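A.B. asks: Input file: structure_6.cif. Contents: mmCIF, C-alpha atoms and all ligand atoms.
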data_work
loop_
_atom_site.label_atom_id
_atom_site.label_comp_id
_atom_site.auth_asym_id
_atom_site.auth_seq_id
_atom_site.Cartn_x
_atom_site.Cartn_y
_atom_site.Cartn_z
CA MET D 862 82.00 122.93 99.39
CA THR D 863 78.31 122.66 100.20
CA ALA D 864 76.73 124.19 97.08
CA GLN D 865 75.40 121.92 94.36
CA ILE D 866 76.89 122.59 90.94
CA LEU D 867 74.87 124.19 88.14
CA ASP D 868 76.69 122.17 85.50
CA GLY D 869 76.67 124.16 82.26
CA LYS D 870 78.77 121.67 80.32
CA ALA D 871 76.48 118.71 80.99
CA THR D 872 73.30 120.77 80.45
CA ALA D 873 74.63 122.16 77.16
CA ALA D 874 75.47 118.62 76.02
CA ALA D 875 71.88 117.52 76.74
CA ILE D 876 70.49 120.51 74.80
CA LYS D 877 72.78 119.78 71.83
CA SER D 878 71.72 116.16 71.73
CA GLU D 879 68.04 117.19 71.56
CA LEU D 880 68.84 119.80 68.86
CA THR D 881 70.56 117.19 66.69
CA ALA D 882 67.21 115.40 66.28
CA ARG D 883 65.39 118.68 65.52
CA VAL D 884 67.97 119.68 62.87
CA SER D 885 67.61 116.27 61.28
CA ALA D 886 63.79 116.72 61.16
CA LEU D 887 64.26 120.14 59.52
CA LYS D 888 66.56 118.64 56.91
CA ASP D 889 63.92 115.97 56.16
CA ARG D 890 61.60 118.89 55.34
CA GLY D 891 64.21 120.38 52.99
CA VAL D 892 65.51 123.09 55.38
CA THR D 893 69.20 123.18 56.31
CA PRO D 894 69.82 125.72 59.08
CA GLY D 895 73.02 127.71 58.52
CA LEU D 896 74.71 129.95 61.12
CA GLY D 897 76.80 132.87 59.90
CA THR D 898 79.38 134.66 62.05
CA LEU D 899 81.15 137.94 61.48
CA LEU D 900 84.40 138.38 63.39
CA VAL D 901 86.12 141.75 63.16
CA GLY D 902 89.70 142.05 64.42
CA ASP D 903 92.14 139.65 66.03
CA ASP D 904 91.10 139.42 69.67
CA PRO D 905 92.06 135.82 70.66
CA GLY D 906 89.07 135.49 73.03
CA SER D 907 86.56 136.50 70.35
CA ARG D 908 88.21 134.14 67.87
CA TRP D 909 87.97 131.30 70.40
CA TYR D 910 84.25 132.00 70.93
CA VAL D 911 83.54 132.12 67.18
CA ASN D 912 85.48 128.90 66.53
CA GLY D 913 83.51 127.27 69.36
CA LYS D 914 80.24 128.33 67.73
CA HIS D 915 81.20 126.63 64.45
CA LYS D 916 82.37 123.50 66.27
CA ASP D 917 78.97 123.34 68.00
CA CYS D 918 77.20 123.79 64.63
CA ALA D 919 79.12 120.85 63.16
CA GLU D 920 78.16 118.72 66.17
CA VAL D 921 74.40 119.22 65.67
CA GLY D 922 74.33 119.38 61.85
CA ILE D 923 73.95 123.15 61.34
CA ALA D 924 75.89 124.54 58.34
CA SER D 925 78.55 127.22 58.97
CA ILE D 926 79.21 130.46 57.12
CA GLN D 927 82.28 132.35 58.40
CA ARG D 928 83.14 135.95 57.60
CA GLU D 929 86.18 137.83 58.92
CA LEU D 930 87.44 141.38 58.64
CA PRO D 931 90.66 142.95 59.96
CA ALA D 932 90.68 145.26 63.01
CA THR D 933 91.16 148.18 60.60
CA ALA D 934 87.78 147.53 58.88
CA SER D 935 85.59 150.61 58.52
CA GLN D 936 81.91 150.95 59.43
CA GLU D 937 81.14 150.62 55.69
CA ASP D 938 83.23 147.42 55.35
CA ILE D 939 81.33 145.84 58.25
CA GLU D 940 77.95 146.97 56.96
CA ALA D 941 78.75 145.50 53.51
CA VAL D 942 79.26 142.05 55.10
CA VAL D 943 76.04 142.45 57.10
CA ARG D 944 74.15 143.21 53.86
CA GLU D 945 75.72 140.17 52.20
CA LEU D 946 74.67 137.90 55.09
CA ASN D 947 71.15 139.39 54.98
CA GLU D 948 70.90 138.32 51.32
CA ASN D 949 72.75 134.97 51.57
CA PRO D 950 70.14 132.18 51.27
CA GLU D 951 72.43 129.60 52.93
CA CYS D 952 72.62 131.75 56.06
CA THR D 953 69.35 131.29 58.00
CA GLY D 954 70.70 133.14 61.05
CA TYR D 955 73.86 134.98 62.01
CA ILE D 956 75.72 136.84 64.72
CA VAL D 957 78.17 139.73 64.77
CA GLN D 958 80.77 138.83 67.42
CA LEU D 959 80.97 141.53 70.11
CA PRO D 960 82.68 143.71 71.06
CA LEU D 961 83.40 145.41 67.73
CA PRO D 962 86.60 147.48 67.49
CA LYS D 963 86.63 150.98 69.01
CA GLY D 964 85.17 153.63 66.71
CA ILE D 965 82.55 151.29 65.22
CA ASP D 966 78.90 152.16 65.87
CA THR D 967 77.69 148.76 67.16
CA ASN D 968 74.02 149.73 67.37
CA ARG D 969 74.04 150.84 63.72
CA VAL D 970 75.51 147.46 62.71
CA LEU D 971 72.94 145.51 64.76
CA GLU D 972 70.06 147.62 63.38
CA LEU D 973 71.14 146.82 59.82
CA MET D 974 70.79 143.07 60.38
CA ASP D 975 67.71 141.34 58.98
CA PRO D 976 65.72 140.79 62.21
CA LEU D 977 64.50 137.45 60.85
CA LYS D 978 68.15 136.32 60.78
CA ASP D 979 69.09 137.64 64.23
CA ALA D 980 70.52 134.56 65.98
CA ASP D 981 71.70 136.48 69.05
CA GLY D 982 68.44 138.18 70.04
CA LEU D 983 70.27 141.52 70.12
CA HIS D 984 68.55 143.29 67.18
CA PRO D 985 66.31 146.15 68.47
CA MET D 986 63.30 144.31 67.01
CA SER D 987 64.16 141.15 69.00
CA LEU D 988 64.67 143.16 72.20
CA GLY D 989 61.31 144.85 71.52
CA ARG D 990 59.69 141.43 71.14
CA LEU D 991 61.19 140.45 74.49
CA VAL D 992 59.64 143.55 76.09
CA LEU D 993 56.28 142.76 74.45
CA ASN D 994 56.54 139.06 75.35
CA GLU D 995 56.23 137.97 71.73
CA PRO D 996 58.04 134.92 70.29
CA GLY D 997 61.50 135.65 68.91
CA PRO D 998 65.17 134.97 69.52
CA LEU D 999 66.31 135.64 73.10
CA PRO D 1000 69.77 136.95 74.08
CA CYS D 1001 71.86 133.80 74.53
CA THR D 1002 73.37 134.32 77.99
CA PRO D 1003 70.10 135.21 79.80
CA TYR D 1004 68.31 132.42 77.91
CA GLY D 1005 71.11 130.05 78.97
CA ILE D 1006 70.84 131.09 82.62
CA VAL D 1007 67.09 130.38 82.69
CA ALA D 1008 67.65 127.00 80.99
CA LEU D 1009 70.42 126.13 83.48
CA LEU D 1010 68.22 126.96 86.49
CA ARG D 1011 65.27 125.03 85.05
CA HIS D 1012 67.40 122.00 84.18
CA HIS D 1013 68.53 121.76 87.82
CA GLY D 1014 65.06 122.34 89.24
CA VAL D 1015 65.88 125.69 90.88
CA GLU D 1016 62.61 127.51 91.64
CA ILE D 1017 62.34 130.76 89.63
CA ASN D 1018 58.62 131.41 90.20
CA GLY D 1019 58.32 133.98 92.99
CA ALA D 1020 62.08 134.17 93.55
CA HIS D 1021 63.82 137.45 94.29
CA VAL D 1022 66.63 137.68 91.74
CA VAL D 1023 69.39 140.25 92.22
CA VAL D 1024 71.28 140.96 88.99
CA LEU D 1025 74.66 142.74 89.00
CA GLY D 1026 75.40 144.62 85.78
CA ARG D 1027 73.17 146.54 83.37
CA GLY D 1028 74.74 145.58 80.03
CA VAL D 1029 72.31 144.67 77.23
CA THR D 1030 73.72 141.17 76.57
CA VAL D 1031 73.12 140.01 80.16
CA GLY D 1032 71.84 142.32 82.94
CA ARG D 1033 69.18 144.38 81.24
CA SER D 1034 67.78 141.50 79.18
CA ILE D 1035 67.68 138.97 82.00
CA GLY D 1036 65.55 141.42 83.97
CA LEU D 1037 63.03 141.40 81.11
CA LEU D 1038 63.17 137.63 80.73
CA LEU D 1039 62.75 136.75 84.40
CA THR D 1040 59.83 139.13 85.01
CA ARG D 1041 57.71 137.55 82.24
CA LYS D 1042 54.64 135.68 83.57
CA SER D 1043 56.20 132.37 82.52
CA GLU D 1044 59.21 132.95 84.82
CA ASN D 1045 57.43 135.18 87.36
CA ALA D 1046 60.46 136.34 89.36
CA THR D 1047 60.99 139.70 91.05
CA VAL D 1048 64.18 141.31 89.77
CA THR D 1049 66.42 143.95 91.35
CA LEU D 1050 68.87 145.25 88.73
CA CYS D 1051 72.03 146.60 90.41
CA HIS D 1052 74.80 148.69 88.86
CA THR D 1053 77.59 151.08 89.80
CA GLY D 1054 75.04 153.59 91.15
CA THR D 1055 73.42 151.07 93.54
CA ARG D 1056 73.65 151.94 97.25
CA ASP D 1057 74.37 149.25 99.84
CA LEU D 1058 74.78 146.32 97.46
CA PRO D 1059 75.49 143.77 100.26
CA ARG D 1060 72.07 144.52 101.83
CA LEU D 1061 70.33 143.76 98.51
CA LEU D 1062 72.45 140.67 97.83
CA ARG D 1063 71.53 139.20 101.22
CA GLN D 1064 67.83 139.32 100.22
CA ALA D 1065 68.37 137.36 97.00
CA ASP D 1066 67.13 133.83 96.34
CA ILE D 1067 69.09 133.94 93.08
CA ILE D 1068 72.12 136.11 92.26
CA VAL D 1069 73.25 136.71 88.68
CA ALA D 1070 76.69 138.33 88.81
CA ALA D 1071 77.60 139.95 85.49
CA ALA D 1072 79.51 143.04 86.59
CA GLY D 1073 83.01 142.02 85.48
CA VAL D 1074 84.42 142.87 88.93
CA PRO D 1075 86.58 140.04 90.35
CA HIS D 1076 85.13 138.46 93.55
CA LEU D 1077 82.50 141.18 93.96
CA VAL D 1078 80.09 138.71 95.60
CA LYS D 1079 81.50 137.67 98.99
CA PRO D 1080 80.33 134.73 101.16
CA GLU D 1081 78.94 137.08 103.82
CA ASP D 1082 76.71 138.76 101.16
CA VAL D 1083 74.92 135.53 100.22
CA LYS D 1084 71.78 134.15 101.87
CA PRO D 1085 72.39 130.49 102.85
CA GLY D 1086 70.91 128.20 100.18
CA ALA D 1087 70.70 130.87 97.44
CA ALA D 1088 71.51 130.03 93.80
CA VAL D 1089 74.49 132.00 92.52
CA LEU D 1090 75.37 132.35 88.83
CA ASP D 1091 78.82 133.68 87.98
CA VAL D 1092 78.87 135.37 84.58
CA GLY D 1093 81.90 137.63 85.20
CA VAL D 1094 85.00 137.16 83.07
CA SER D 1095 88.14 138.92 84.28
CA ARG D 1096 91.64 137.46 83.83
CA ASP D 1097 94.51 137.11 86.32
CA GLU D 1098 98.18 137.67 85.39
CA ASN D 1099 98.33 134.09 83.97
CA GLY D 1100 95.26 134.57 81.78
CA LYS D 1101 93.11 132.40 84.07
CA ILE D 1102 89.42 133.38 84.43
CA VAL D 1103 88.52 135.18 87.65
CA GLY D 1104 84.75 135.41 88.12
CA ASP D 1105 82.57 137.92 89.96
CA VAL D 1106 81.97 135.39 92.75
CA HIS D 1107 84.43 134.74 95.59
CA PRO D 1108 85.29 130.99 95.90
CA GLY D 1109 84.13 131.03 99.55
CA VAL D 1110 80.52 131.47 98.31
CA ALA D 1111 80.52 127.70 97.62
CA GLU D 1112 80.31 127.16 101.41
CA VAL D 1113 77.11 129.25 101.74
CA ALA D 1114 75.16 128.97 98.48
CA GLY D 1115 72.73 126.14 97.74
CA TRP D 1116 73.59 126.20 94.03
CA LEU D 1117 76.61 127.64 92.24
CA SER D 1118 77.56 127.84 88.56
CA PRO D 1119 81.28 127.15 88.07
CA ASN D 1120 83.25 129.62 85.99
CA PRO D 1121 84.43 128.29 83.57
CA GLY D 1122 81.96 125.46 82.91
CA GLY D 1123 78.72 127.17 83.96
CA VAL D 1124 77.04 129.96 82.01
CA GLY D 1125 79.60 130.06 79.13
CA PRO D 1126 78.69 126.64 77.62
CA MET D 1127 74.99 127.56 78.03
CA THR D 1128 75.51 130.76 76.01
CA ARG D 1129 76.88 128.62 73.20
CA ALA D 1130 74.06 126.07 73.40
CA GLN D 1131 71.29 128.69 73.40
CA LEU D 1132 72.68 130.25 70.23
CA LEU D 1133 72.05 126.92 68.52
CA VAL D 1134 68.54 126.84 70.03
CA ASN D 1135 67.86 130.28 68.50
CA VAL D 1136 69.06 129.10 65.07
CA VAL D 1137 66.91 125.97 65.17
CA GLU D 1138 63.83 127.79 66.53
CA ALA D 1139 64.12 130.43 63.78
CA ALA D 1140 64.30 127.73 61.09
CA GLU D 1141 61.31 125.94 62.66
CA ARG D 1142 59.31 129.21 62.70
CA THR D 1143 60.03 129.67 58.97
CA THR D 1144 58.83 126.19 58.08
CA SER D 1145 55.67 126.37 60.21
CA ALA D 1146 54.87 129.81 58.72
CA GLY D 1147 55.35 128.53 55.16
N1 LIG E 1201 77.54 138.44 69.47
C1 LIG E 1201 77.84 138.07 70.71
N2 LIG E 1201 78.98 138.48 71.26
C2 LIG E 1201 79.27 138.10 72.54
C3 LIG E 1201 78.39 137.24 73.27
C4 LIG E 1201 77.18 136.85 72.64
O1 LIG E 1201 76.33 136.13 73.24
N3 LIG E 1201 76.94 137.28 71.37
N4 LIG E 1201 78.76 136.75 74.51
C5 LIG E 1201 80.15 136.89 74.94
C6 LIG E 1201 81.11 135.88 74.37
N5 LIG E 1201 80.57 134.53 74.13
C7 LIG E 1201 79.87 134.30 73.01
O2 LIG E 1201 79.93 134.99 72.04
C8 LIG E 1201 80.96 133.44 74.98
C9 LIG E 1201 81.60 133.64 76.18
C10 LIG E 1201 82.06 132.54 76.94
C11 LIG E 1201 81.88 131.25 76.48
C12 LIG E 1201 82.41 130.07 77.19
O3 LIG E 1201 82.03 128.96 76.90
N6 LIG E 1201 83.34 130.28 78.12
C13 LIG E 1201 84.00 129.18 78.81
C14 LIG E 1201 85.38 129.63 79.25
C15 LIG E 1201 86.27 129.96 78.09
C16 LIG E 1201 87.63 130.50 78.51
O4 LIG E 1201 88.35 129.80 79.18
O5 LIG E 1201 87.92 131.64 78.10
C17 LIG E 1201 83.21 128.78 80.05
O6 LIG E 1201 82.55 129.64 80.65
O7 LIG E 1201 83.29 127.60 80.40
C18 LIG E 1201 81.21 131.07 75.29
C19 LIG E 1201 80.77 132.15 74.56
C20 LIG E 1201 80.67 138.26 74.50
N7 LIG E 1201 80.43 138.49 73.11
#
Show this structure as structure tokens.
C.D. replies:
Amino acid sequence: MTAQILDGKATAAAIKSELTARVSALKDRGVTPGLGTLLVGDDPGSRWYVNGKHKDCAEVGIASIQRELPATASQEDIEAVVRELNENPECTGYIVQLPLPKGIDTNRVLELMDPLKDADGLHPMSLGRLVLNEPGPLPCTPYGIVALLRHHGVEINGAHVVVLGRGVTVGRSIGLLLTRKSENATVTLCHTGTRDLPRLLRQADIIVAAAGVPHLVKPEDVKPGAAVLDVGVSRDENGKIVGDVHPGVAEVAGWLSPNPGGVGPMTRAQLLVNVVEAAERTTSAG
């Protein structure tokens, strides 16, 4: 192994420690941030993620509001909980855990959320703010990737970043985030229609692999010294995570995020950052 580790667990711990002080300062000003979650269905992975979010909240002093619906919940049932969370004064920000069950119109649910309470940065208004480079919550995984690179001193300014995957939660939004003046990267967004992916990968200073295709990024596709972030989550027959990055990449890359232990913990930490930043915006506006 030659690559240095982009340690998401340690970086997330440092972020949480800083947030604990900010939450305490908010409470001194009479504001208690409260994160709401809506979990629909019984997917064990989604339940694990939601439980993790509430554990993180307890660690930094953010209050928790948990809502759950069965997998059989209708669009109307889900929208009723969204309306309740919009009105609930104890809930200063909330998320709807994704994916929602088949047959549910996810965009309609996200659009119904109060944009001022969008803790995930996935409301159309928040994504619009990202396009316009206005302050607002940022999607947690892309935000976490930028924080992880910055924390380890990886140069983003001027870098050529190749992103694999065009989903809204990662690929599409990280393209918007990294091309802002403050990050100043050049981004190539690749997807299933991309021709000659290895040629593009070999040009990358930074690779963000979020395609969900096991071991898609091979050692021979990586420029020596590049930073490689593995966001892919597939499972082998024993339920163990298999990322988008082949283990042999560790011998070529300069930096590598482990999976697990890389981008996942950062996604969790940045959600807390969004909740605290939203509460801080409310108090400075008031
Ligand atoms: N509303 C949202 N839904 C989903 C999001 C999101 O940001 N908002 N992202 C993912 C799931 N997710 C958070 O919700 C998430 C994924 C992974 C991790 C994490 O810490 N993973 C661990 C490994 C855990 C394991 O073994 O399974 C790691 O990488 O170390 C946290 C949060 C989709 N849905």
A.B. asks: Could you report the residues within 7 Å of ligand LIG 1201 (chain E), using all atoms listed in the file, as an NGL selection string?
C.D. replies: :D and (906-907 or 910-911 or 956-960 or 981 or 1000-1002 or 1030 or 1102 or 1120-1126 or 1128-1129)
A.B. asks: Counting only C-alpha atoms, what is within 10 Å of range 1014-1016 of chain D, bar same-chain residues fewer than 5 positions away, as JSON, numbers by chain?
C.D. replies: {"D": [867, 1007, 1008, 1009, 1044, 1046, 1066, 1067, 1087, 1088, 1115, 1116]}
A.B. asks: Can I get the selection written as a compact mmCIF listing (two decimals), in the coordinates of the input, with C-alpha atoms?
C.D. replies:
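Below is the file that was written, again_18.txt:
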# COMPACT_ATOMS: atom_id res chain seq x y z
CA LEU D 867 74.87 124.19 88.14
CA VAL D 1007 67.09 130.38 82.69
CA ALA D 1008 67.65 127.00 80.99
CA LEU D 1009 70.42 126.13 83.48
CA GLU D 1044 59.21 132.95 84.82
CA ALA D 1046 60.46 136.34 89.36
CA ASP D 1066 67.13 133.83 96.34
CA ILE D 1067 69.09 133.94 93.08
CA ALA D 1087 70.70 130.87 97.44
CA ALA D 1088 71.51 130.03 93.80
CA GLY D 1115 72.73 126.14 97.74
CA TRP D 1116 73.59 126.20 94.03
A.B. asks: Looking at D:Val901, D:Ile876, D:Val1106, D:Leu1058, which one is nearest to Lys963 in chain D, with distances taken over only C-alpha atoms?
C.D. replies: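 Checking each of D:Val901, D:Ile876, D:Val1106, D:Leu1058 against Lys963 in chain D, counting only C-alpha atoms, the winner is D:Val901.
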A.B. asks: Do you know which residues are at most 10 Å from Leu991 in chain D counting all atoms listed in the file, after dropping those on the same chain fewer than 3 positions away, and could you put them as a list in words?
C.D. replies: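 Counting all atoms listed in the file, the residues come to Gly982, Pro985, Met986, Ser987, Leu988, Asn994, Glu995, Pro996, Gly997, Pro998, Leu999, Pro1000, Ser1034, Leu1037, Leu1038 and Arg1041 of chain D.
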A.B. asks: How about saving the chosen residues, C-alpha atoms kept, as a tab-separated table (two decimals), in the coordinates of the input?
C.D. replies:
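Output saved as result.tsv:
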chain	number	residue	atom	x	y	z
D	982	GLY	CA	68.44	138.18	70.04
D	985	PRO	CA	66.31	146.15	68.47
D	986	MET	CA	63.30	144.31	67.01
D	987	SER	CA	64.16	141.15	69.00
D	988	LEU	CA	64.67	143.16	72.20
D	994	ASN	CA	56.54	139.06	75.35
D	995	GLU	CA	56.23	137.97	71.73
D	996	PRO	CA	58.04	134.92	70.29
D	997	GLY	CA	61.50	135.65	68.91
D	998	PRO	CA	65.17	134.97	69.52
D	999	LEU	CA	66.31	135.64	73.10
D	1000	PRO	CA	69.77	136.95	74.08
D	1034	SER	CA	67.78	141.50	79.18
D	1037	LEU	CA	63.03	141.40	81.11
D	1038	LEU	CA	63.17	137.63	80.73
D	1041	ARG	CA	57.71	137.55	82.24
A.B. asks: Rank D:Leu993, D:Ala932, D:Ala919, D:Leu899 by their smallest atom-to-atom distance to Gly964 in chain D, using only C-alpha atoms, and report the top residue only.
C.D. replies: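 Nearest candidate to Gly964 in chain D out of D:Leu993, D:Ala932, D:Ala919, D:Leu899: D:Ala932.
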A.B. asks: Give the answer as one residue: which of D:Leu973, D:Leu1133, D:His1012, D:Arg1063 has the shortest atom-to-atom distance to Asp917 in chain D, using all atoms listed in the file?
C.D. replies: D:Leu1133
A.B. asks: Calculate how many Å separate CA of Gly1073 in chain D from CA of Arg1033 in chain D, rounding to one decimal.
C.D. replies: 14.7 Å
A.B. asks: For the point (84.8, 135.3, 93.0) in the file's frame, write as a PyMOL selection string all residues with an atom no more than 9 Å away, counting only C-alpha atoms.
C.D. replies: chain D and resi 1074-1079+1091+1093+1103-1110
A.B. asks: Export C-alpha atoms of the chosen residues as a PDB file, in the frame of the given file?
C.D. replies:
ATOM      1  CA  VAL D1074      84.420 142.870  88.930  1.00  0.00           C
ATOM      2  CA  PRO D1075      86.580 140.040  90.350  1.00  0.00           C
ATOM      3  CA  HIS D1076      85.130 138.460  93.550  1.00  0.00           C
ATOM      4  CA  LEU D1077      82.500 141.180  93.960  1.00  0.00           C
ATOM      5  CA  VAL D1078      80.090 138.710  95.600  1.00  0.00           C
ATOM      6  CA  LYS D1079      81.500 137.670  98.990  1.00  0.00           C
ATOM      7  CA  ASP D1091      78.820 133.680  87.980  1.00  0.00           C
ATOM      8  CA  GLY D1093      81.900 137.630  85.200  1.00  0.00           C
ATOM      9  CA  VAL D1103      88.520 135.180  87.650  1.00  0.00           C
ATOM     10  CA  GLY D1104      84.750 135.410  88.120  1.00  0.00           C
ATOM     11  CA  ASP D1105      82.570 137.920  89.960  1.00  0.00           C
ATOM     12  CA  VAL D1106      81.970 135.390  92.750  1.00  0.00           C
ATOM     13  CA  HIS D1107      84.430 134.740  95.590  1.00  0.00           C
ATOM     14  CA  PRO D1108      85.290 130.990  95.900  1.00  0.00           C
ATOM     15  CA  GLY D1109      84.130 131.030  99.550  1.00  0.00           C
ATOM     16  CA  VAL D1110      80.520 131.470  98.310  1.00  0.00           C
TER      17      VAL D1110
END
A.B. asks: Just how far from CA of Gly1036 in chain D is CA of Lys914 in chain D, in Å to one decimal?
C.D. replies: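 Computing it gives 25.5 Å between the two atoms.
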A.B. asks: As a PDB file, keeping the file's coordinate frame, please: range 910-935 of chain D completed to N, CA and C atoms.
C.D. replies:
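And here is the file that came out, out28.pdb:
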ATOM      1  N   TYR D 910      85.704 132.135  70.824  1.00  0.00           N
ATOM      2  CA  TYR D 910      84.250 132.000  70.930  1.00  0.00           C
ATOM      3  C   TYR D 910      83.633 131.664  69.568  1.00  0.00           C
ATOM      4  N   VAL D 911      84.106 132.350  68.518  1.00  0.00           N
ATOM      5  CA  VAL D 911      83.540 132.120  67.180  1.00  0.00           C
ATOM      6  C   VAL D 911      83.873 130.695  66.714  1.00  0.00           C
ATOM      7  N   ASN D 912      85.120 130.268  66.921  1.00  0.00           N
ATOM      8  CA  ASN D 912      85.480 128.900  66.530  1.00  0.00           C
ATOM      9  C   ASN D 912      84.607 127.886  67.269  1.00  0.00           C
ATOM     10  N   GLY D 913      84.361 128.165  68.560  1.00  0.00           N
ATOM     11  CA  GLY D 913      83.510 127.270  69.360  1.00  0.00           C
ATOM     12  C   GLY D 913      82.107 127.186  68.772  1.00  0.00           C
ATOM     13  N   LYS D 914      81.593 128.320  68.293  1.00  0.00           N
ATOM     14  CA  LYS D 914      80.240 128.330  67.730  1.00  0.00           C
ATOM     15  C   LYS D 914      80.164 127.421  66.488  1.00  0.00           C
ATOM     16  N   HIS D 915      81.228 127.465  65.659  1.00  0.00           N
ATOM     17  CA  HIS D 915      81.200 126.630  64.450  1.00  0.00           C
ATOM     18  C   HIS D 915      81.410 125.147  64.787  1.00  0.00           C
ATOM     19  N   LYS D 916      82.187 124.894  65.826  1.00  0.00           N
ATOM     20  CA  LYS D 916      82.370 123.500  66.270  1.00  0.00           C
ATOM     21  C   LYS D 916      81.018 122.951  66.748  1.00  0.00           C
ATOM     22  N   ASP D 917      80.293 123.759  67.507  1.00  0.00           N
ATOM     23  CA  ASP D 917      78.970 123.340  68.000  1.00  0.00           C
ATOM     24  C   ASP D 917      78.024 123.069  66.825  1.00  0.00           C
ATOM     25  N   CYS D 918      78.073 123.960  65.805  1.00  0.00           N
ATOM     26  CA  CYS D 918      77.200 123.790  64.630  1.00  0.00           C
ATOM     27  C   CYS D 918      77.463 122.432  63.976  1.00  0.00           C
ATOM     28  N   ALA D 919      78.765 122.112  63.808  1.00  0.00           N
ATOM     29  CA  ALA D 919      79.120 120.850  63.160  1.00  0.00           C
ATOM     30  C   ALA D 919      78.580 119.676  63.965  1.00  0.00           C
ATOM     31  N   GLU D 920      78.617 119.807  65.289  1.00  0.00           N
ATOM     32  CA  GLU D 920      78.160 118.720  66.170  1.00  0.00           C
ATOM     33  C   GLU D 920      76.673 118.414  65.973  1.00  0.00           C
ATOM     34  N   VAL D 921      75.855 119.451  65.751  1.00  0.00           N
ATOM     35  CA  VAL D 921      74.400 119.220  65.670  1.00  0.00           C
ATOM     36  C   VAL D 921      73.873 119.203  64.236  1.00  0.00           C
ATOM     37  N   GLY D 922      74.752 119.460  63.253  1.00  0.00           N
ATOM     38  CA  GLY D 922      74.330 119.380  61.850  1.00  0.00           C
ATOM     39  C   GLY D 922      73.928 120.701  61.222  1.00  0.00           C
ATOM     40  N   ILE D 923      74.234 121.822  61.901  1.00  0.00           N
ATOM     41  CA  ILE D 923      73.950 123.150  61.340  1.00  0.00           C
ATOM     42  C   ILE D 923      75.125 123.552  60.445  1.00  0.00           C
ATOM     43  N   ALA D 924      74.814 124.111  59.247  1.00  0.00           N
ATOM     44  CA  ALA D 924      75.890 124.540  58.340  1.00  0.00           C
ATOM     45  C   ALA D 924      76.536 125.826  58.873  1.00  0.00           C
ATOM     46  N   SER D 925      77.794 126.061  58.473  1.00  0.00           N
ATOM     47  CA  SER D 925      78.550 127.220  58.970  1.00  0.00           C
ATOM     48  C   SER D 925      78.917 128.161  57.832  1.00  0.00           C
ATOM     49  N   ILE D 926      78.763 129.439  58.074  1.00  0.00           N
ATOM     50  CA  ILE D 926      79.210 130.460  57.120  1.00  0.00           C
ATOM     51  C   ILE D 926      80.075 131.436  57.918  1.00  0.00           C
ATOM     52  N   GLN D 927      81.378 131.505  57.601  1.00  0.00           N
ATOM     53  CA  GLN D 927      82.280 132.350  58.400  1.00  0.00           C
ATOM     54  C   GLN D 927      82.747 133.554  57.604  1.00  0.00           C
ATOM     55  N   ARG D 928      82.628 134.727  58.208  1.00  0.00           N
ATOM     56  CA  ARG D 928      83.140 135.950  57.600  1.00  0.00           C
ATOM     57  C   ARG D 928      84.080 136.635  58.590  1.00  0.00           C
ATOM     58  N   GLU D 929      85.194 137.148  58.058  1.00  0.00           N
ATOM     59  CA  GLU D 929      86.180 137.830  58.920  1.00  0.00           C
ATOM     60  C   GLU D 929      86.640 139.110  58.292  1.00  0.00           C
ATOM     61  N   LEU D 930      86.873 140.122  59.111  1.00  0.00           N
ATOM     62  CA  LEU D 930      87.440 141.380  58.640  1.00  0.00           C
ATOM     63  C   LEU D 930      88.576 141.774  59.587  1.00  0.00           C
ATOM     64  N   PRO D 931      89.563 142.530  59.071  1.00  0.00           N
ATOM     65  CA  PRO D 931      90.660 142.950  59.960  1.00  0.00           C
ATOM     66  C   PRO D 931      90.203 144.030  60.943  1.00  0.00           C
ATOM     67  N   ALA D 932      91.021 144.257  61.980  1.00  0.00           N
ATOM     68  CA  ALA D 932      90.680 145.260  63.010  1.00  0.00           C
ATOM     69  C   ALA D 932      90.567 146.656  62.412  1.00  0.00           C
ATOM     70  N   THR D 933      91.180 146.861  61.241  1.00  0.00           N
ATOM     71  CA  THR D 933      91.160 148.180  60.600  1.00  0.00           C
ATOM     72  C   THR D 933      89.892 148.393  59.756  1.00  0.00           C
ATOM     73  N   ALA D 934      88.992 147.415  59.732  1.00  0.00           N
ATOM     74  CA  ALA D 934      87.780 147.530  58.880  1.00  0.00           C
ATOM     75  C   ALA D 934      86.972 148.763  59.278  1.00  0.00           C
ATOM     76  N   SER D 935      86.397 149.405  58.269  1.00  0.00           N
ATOM     77  CA  SER D 935      85.590 150.610  58.520  1.00  0.00           C
ATOM     78  C   SER D 935      84.134 150.206  58.780  1.00  0.00           C
TER      79      SER D 935
END
